[in-house]
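Visitor: This is the structure I want to talk about, given as structure tokens.
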Number of protein chains: 2
Amino acid sequence: MDLDAFRRAAHTTVDWMADYLRDLGERRVVASVAPGDVRRQLPNEPPREGVPFDRIRSDLDAIILPGMTHWGHPGFFGYFPANHSPPSILAEMVVAAMGAQCMSWQTSPAATELEQVVMEWLRQMLGLPAGFTGVIQDYASTATLVALVTARDQIRGPIDRATVYVSPESHSSVAKGARLAGFRPELVRVVPVDDRYALRADALAAMIAADRVEGLVPAAVVATLGTTSSTAFDPLPAIGPIARDAGAWLHVDAAFAGSAAIVPELAWILDGIEQADSLVFNPHKWLLVNHDCSVYFVRHPERLLRSFGSSAEYLKTQYDSSVVNYRDWGIPLGRRFRALKLWFVIRSYGVAGLQAMIREHVRLGALFAGWVDADPDFVLAAPAPVGLVCFRWAPGAGGPTGEALDDANRLLLERINAPGDLFLTHTVLSGRFVIRLALGHESTTESVVRHVWDRVRTAARDLA
Amino acid sequence: MDLDAFRRAAHTTVDWMADYLRDLGERRVVASVAPGDVRRQLPNEPPREGVPFDRIRSDLDAIILPGMTHWGHPGFFGYFPANHSPPSILAEMVVAAMGAQCMSWQTSPAATELEQVVMEWLRQMLGLPAGFTGVIQDYASTATLVALVTARDQIRGPIDRATVYVSPESHSSVAKGARLAGFRPELVRVVPVDDRYALRADALAAMIAADRVEGLVPAAVVATLGTTSSTAFDPLPAIGPIARDAGAWLHVDAAFAGSAAIVPELAWILDGIEQADSLVFNPHKWLLVNHDCSVYFVRHPERLLRSFGSSAEYLKTQYDSSVVNYRDWGIPLGRRFRALKLWFVIRSYGVAGLQAMIREHVRLGALFAGWVDADPDFVLAAPAPVGLVCFRWAPGAGGPTGEALDDANRLLLERINAPGDLFLTHTVLSGRFVIRLALGHESTTESVVRHVWDRVRTAARDLA
């Protein structure tokens with residue numbers, strides 16, 4: 001494909017993209033395909049000769065698109081959002097055309113320095129203390145692994161005596177990261193939570209004390225600000241001193257909720273953060289940036305560098321002593337130019353624009369939670385402070401209870417999702433099946449949220 | 001930015017992209033900026049209010065672009081290529097607009113199944129045995145860490161008795177990966193190489209035998225097919241049985257050269273691969289796919305899953321027992337839809353088109369190596385079988401020797417790069433400074449390669 005052909009194909013692709021975004025609401029959120037349906041439409045052998053781009057795009061429409069789950073659909077309320085926005089998409093286009101590999105300052109000075117600038121912007125936006133330094137990672141799972149490896153490398157003595165403290169509500173990547181970092185699974189201690197699903201600081205202190213009596217070495221405490229199941233907030237102000245006294249690395253996972261700290265009245269979210277050694281949050285979840293774009297802040301970059309720095313003759317440049325080489329700040333050597341989409345998005349919306357969006361989502365979450373709370377047939381399954389609402393159908397007198405009620409909620413979720421215009425997912429809290437409504441897309445409006453609630457009640461009535 | 005504004009901005013961005021690619025050759029390959037030059041043009045505080053997109057794009061042109069190193073520039077011969085191509089860029093555009101998060105089959109069935117299909121295509125293209133199963137990772141460094149963690153999890157006994165065998169020519173990510181996986185640095189054994197910089201199988205066997213006598217446990221052997229410094233090929237057919245007899249995981253790093261195995265007369269590159277447990281190669285280096293796109297093949301997916309599988313209630317879907325959930329095949333939970341660019345590229349060029357490109361690069365590398373070899377003032381520093389040529393200026397009688405000759409070559413490289421239309425990098429082989437010419441971009445033609453050789457000789461004459 002020569003450049004003229006590329007220009008033509010790219011213009012038609014832009015129309016494809018804009019049409020896709022415009023018509024998204026008319027598609028099913030989740031593909032109605034069965035396992036194997038897509039695969040069997042594709043040849044099992046690679047093509048010997050190339051085909052014109054039109055042919056590829058028509059196959060994209062005919063085979064791939066019907067098999068996609070549309071994360072940007074206005075009816076997508078599953079998991080947490082994987083965000084995007086017009087300026088972020090434009091940045092991805094520019095990045096793709098440049099194709100720069102930004103491992104070292106020299107291999108793209110502007111990419112490194114723009115990353116330093118937007119990390120500083122985000123530090124100020126979140127209200128983090130001046131000592132925190134940020135770097136872009138791909139996903140929070142990776143950043144958490146990075147934190148746990150760094151924590152492991154701080155301890156004296158063998159790893160098979162080292163403990164990590166987590167909550168049963170910690171993200172799955174925390175236990176996985178501890179395992180990958182080489183901690184013994186039985187020394188990953190699960191600290192009990194309170195009735196709001198927040199880690200109990202008193203229980204943490206007691207477990208650490210008991211472990212130290214046994215000669216075990218506390219390596220890390222992972223606190224979550226906004227858990228995945230229900231956005232519970234572990235009590236960081238109380239956890240900080242406990243971790244510090246134990247000599248343990250304090251890693252904070254604020255993957256989803258961290259973004260909300262840019263709103264002054266929600267700054268409480270990060271209370272106690274000055275005691276953390278590291279923090280991860282995902283602009284790709286709630287700041288309109290395309291994934292992957294996870295931001296990892298550390299208080300002691302030199303410790304990160306000691307664990308993740310690497311060198312080789314063929315990587316050396318004359319600038320190495322005077323610049324940041326982000327290849328030393330994470331796992332992979334190679335790096336995409338991810339700072340550009342943060343820059344495009346923050347400049348397009350301004351801090352005020354992003355704050356307004358988050359405020360609106362929090363308002364809509366509270367509105368929905370209020371409807372749930374006011375309806376005698378429904379219960380809120382957990383506090384809903386930041387745009388994630390966990391609820392259950394609980395029709396009360398004469399209605400199902402126990403496992404039957406779980407099954408009824410499972411069925412209710414199926415009915416809510418069945419027409420294909422909405423997609424909510426579930427979790428389990430206190431052993432009970434719970435439906436989750438996760439807000440956070442730019443497209444989310446009050447009328448969509450009202451439509452969800454109407455569907456929930458109608459589906460429940462039909463089931464009753 | 002509403003959708004109409006996005007459509008307009010995206011069309012102008014396409015023209016920006018096509019103009020950028022068209023005029024790339026007129027820019028300096030490497031930015032002529034000093035550390036801090038870009039940063040000081042950017043505000044230290046985030047903007048309160050948003051600005052129109054035109055303003056952002058004019059700052060992109062004025063501030064960012066002059067600070068970029070242009071990896072797609074026709075004069076870029078540094079490191080290994082970070083490739084891209086028109087169909088790959090088009091795929092990145094589509095992916096950015098969809099923004100799908102492809103962690104699970106359900107979260108985008110088509111993304112999972114297309115990944116299965118293109119992995120199978122690549123398996124056939126490389127001539128790998130039928131038992132190999134592929135998954136896309138971001139970079140080879142990550143895939144190597146994944147291999148070493150999996151290897152670690154196979155051994156019985158404590159990790160502080162486990163050994164890993166590497167070559168001094170292994171990529172920096174191998175030693176780093178071993179360290180991150182928790183292996184003791186002193187138990188990462190560096191096996192000597194022969195005069196072609198290939199790992200000596202006899203030395204490997206002897207070191208393993210000696211370690212076993214000491215009660216150490218061989219966990220992994222990492223063989224490189226095409227080292228970063230000089231594309232040396234470790235003797236896989238000889239290494240395989242040694243690793244197997246020792247019960248060690250055999251990981252093969254073919255990050256750059258692996259792509260060449262799609263050409264029948266270069267299929268020897270992967271000789272012995274049927275004995276490997278895992279293999280990584282990067283389509284983003286030599287198959288015209290935008291990074292990140294590293295492909296990791298394993299012979300025993302169940303072992304990978306045992307180390308990397310994870311679950312949580314909120315991730316469960318009704319399909320989990322009957323589908324592949326790629327979130328369990330690597331470190332991060334989140335996943336971009338990277339299969340699409342492989343599909344666009346393989347279909348656009350066809351296997352024949354990709355083979356023709358690699359054949360041409362190999363021919364040009366041999367041509368350049370021939371010129372070096374025929375010139376009495378230059379020497380080839382290593383065999384150059386696959387498009388990477390390592391050479392030194394060695395003017396002979398009366399010329400500099402030893403460290404002075406290293407300095408002369410360092411200066412020569414500076415002179416080659418000084419005009420800004422070419423960019424070559426260096427390495428050290430046998431303790432000597434060596435200049436590397438790395439081919440592999442679609443834009444690489446015989447006339448550019450001739451231009452490099454003319455520059456090399458002219459610069460050397462000026463220095464003499």
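FYI, nothing fancy with the structure tokens labels: chains A, B, ... in order, residues from 1 per chain, ligands from 1 as they appear.
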Can you pull out the residues contacting B:Val434? Cut-off 6 Å, using only C-alpha atoms, and skip same-chain residues under 2 positions away; I want them as a PyMOL selection string.
Guide: chain B and resi 391-392+426-428
Visitor: Looking only at strand (DSSP E) from DSSP on the backbone, list the matching residues of stretch 90-307 of chain B as number ranges by chain.
Guide: B: 133-137, 162-166, 188-190, 217-224, 249-253, 278-281, 294-298
Visitor: Would you mind listing what lies within 7 Å of B:Val14 as a compact mmCIF listing (two decimals) with C-alpha atoms, in the first residue's frame, with only C-alpha atoms counted and same-chain residues fewer than 4 positions away left out?
Guide:
# COMPACT_ATOMS: atom_id res chain seq x y z
CA ARG A 7 -4.19 8.43 2.68
CA ALA A 10 -7.18 6.26 6.22
CA HIS A 11 -9.83 8.83 5.27
CA ALA B 10 -9.62 12.97 12.43
CA ALA B 18 0.19 10.91 5.56
Visitor: In Å, how far is it from atom CA of B:Asp375 to atom CA of B:Gly387?
Guide: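 Interatomic distance here is 19.0 Å.
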Visitor: Hey, what does DSSP flag as helix (DSSP H, G or I) within stretch 197-427 of chain A? Can you give it to me as a PyMOL selection string?
Guide: chain A and resi 201-213+236-246+257-262+264-270+273-275+283-286+301-308+313-315+326-329+339-374+402-417
Visitor: With distances taken over only C-alpha atoms, which of A:Gly131, A:Gly350, A:Pro66, A:Pro81 is nearest to chain B?
Guide: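 Of A:Gly131, A:Gly350, A:Pro66, A:Pro81, the one nearest chain B, counting only C-alpha atoms, is A:Gly350.
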Visitor: Set the distance at 12 Å and use only C-alpha atoms: which residues neighbour B:Glu302 once local chain neighbours fewer than 3 positions away are removed? I'd like the list as a ChimeraX atom specification.
Guide: /B:132-133,150,154,277,298-299,305-309,324,328-329
Visitor: Could you name the residues that touch stretch 352-355 of chain A at 6 Å or less, counting only C-alpha atoms, but leaving out those on the same chain fewer than 3 positions away, as a PDB file with C-alpha atoms, in the first residue's frame?
Guide:
ATOM      1  CA  VAL A 263     -12.421  16.668  42.200  1.00  0.00           C
ATOM      2  CA  TYR A 349     -11.031  18.895  28.416  1.00  0.00           C
ATOM      3  CA  ILE A 358     -16.474  12.862  37.259  1.00  0.00           C
TER       4      ILE A 358
ATOM      5  CA  ARG B  48      -7.651  24.619  33.956  1.00  0.00           C
ATOM      6  CA  GLU B  49      -9.772  24.954  30.795  1.00  0.00           C
TER       7      GLU B  49
END
Visitor: Excluding B:Thr445 and residues on its chain fewer than 3 positions from it, collect all residues at most 9 Å away from it, counting only C-alpha atoms, and give them as number ranges by chain.
Guide: B: 74, 360-361, 364, 442, 448-450
Visitor: Would you mind exporting the chosen residues as a CSV table (one decimal), in the first residue's frame, restricted to C-alpha atoms?
Guide:
chain,number,residue,atom,x,y,z
B,74,PRO,CA,14.3,5.8,5.9
B,360,GLU,CA,15.3,-8.2,0.1
B,361,HIS,CA,16.6,-7.0,3.5
B,364,LEU,CA,20.9,-5.8,1.2
B,442,GLU,CA,9.8,-1.3,4.6
B,448,VAL,CA,19.7,4.1,0.9
B,449,VAL,CA,22.1,1.3,1.8
B,450,ARG,CA,24.6,2.5,-0.8
Visitor: When you look at stretch 164-170 of chain B with a cut-off of 6 Å (counting only C-alpha atoms), what residues show up, excluding the ones that are within fewer than 5 positions of it in the same chain? I need them as number ranges by chain.
Guide: B: 188-191, 199, 219-222
Visitor: Using only C-alpha atoms, pick whichever of A:Thr144, A:Arg22, A:Gly399, A:His451 has the shortest atom-to-atom distance to A:Asp421.
Guide: A:His451
Visitor: For the interface of stretch 304-333 of chain A with stretch 34-40 of chain B (cut-off 10 Å, counting only C-alpha atoms), please tabulate each contacting residue of stretch 304-333 of chain A alongside its nearest pair of atoms and their separation in Å to one decimal, rows sorted by chain and increasing number, as a Markdown table.
Guide:
| residue | atom | partner | partner_atom | distance |
| --- | --- | --- | --- | --- |
| A:Tyr319 | CA | B:Pro35 | CA | 7.9 |
| A:Ser322 | CA | B:Pro35 | CA | 7.4 |
| A:Val323 | CA | B:Pro35 | CA | 6.6 |
| A:Val324 | CA | B:Pro35 | CA | 9.4 |
Visitor: What is the atom CA of A:Ala356 to atom CA of A:Pro264 distance in Å?
Guide: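 Those two atoms sit 11.1 Å apart.
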Visitor: Point out the residue among B:Trp268, B:Trp16, B:Trp371, B:Trp121 with the least atom-to-atom distance to chain A, counting only C-alpha atoms.
Guide: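 Closest to chain A, using only C-alpha atoms: B:Trp121.
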Visitor: Hey, can you check how far atom CA of A:Asp454 sits from atom CA of A:Leu412?
Guide: 12.8 Å
Visitor: Choose the residue, out of B:Ala97, B:Ala459, B:Ala5, B:Ile242, that has the smallest atom-to-atom separation from chain A; count only C-alpha atoms.
Guide: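 Going through B:Ala97, B:Ala459, B:Ala5, B:Ile242 one by one, the smallest distance to chain A is for B:Ala97.
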Visitor: Ranking B:Ser141, B:Thr227, B:Ser58, B:Thr112 by minimum distance to chain A and counting only C-alpha atoms, which one comes first?
Guide: B:Ser141
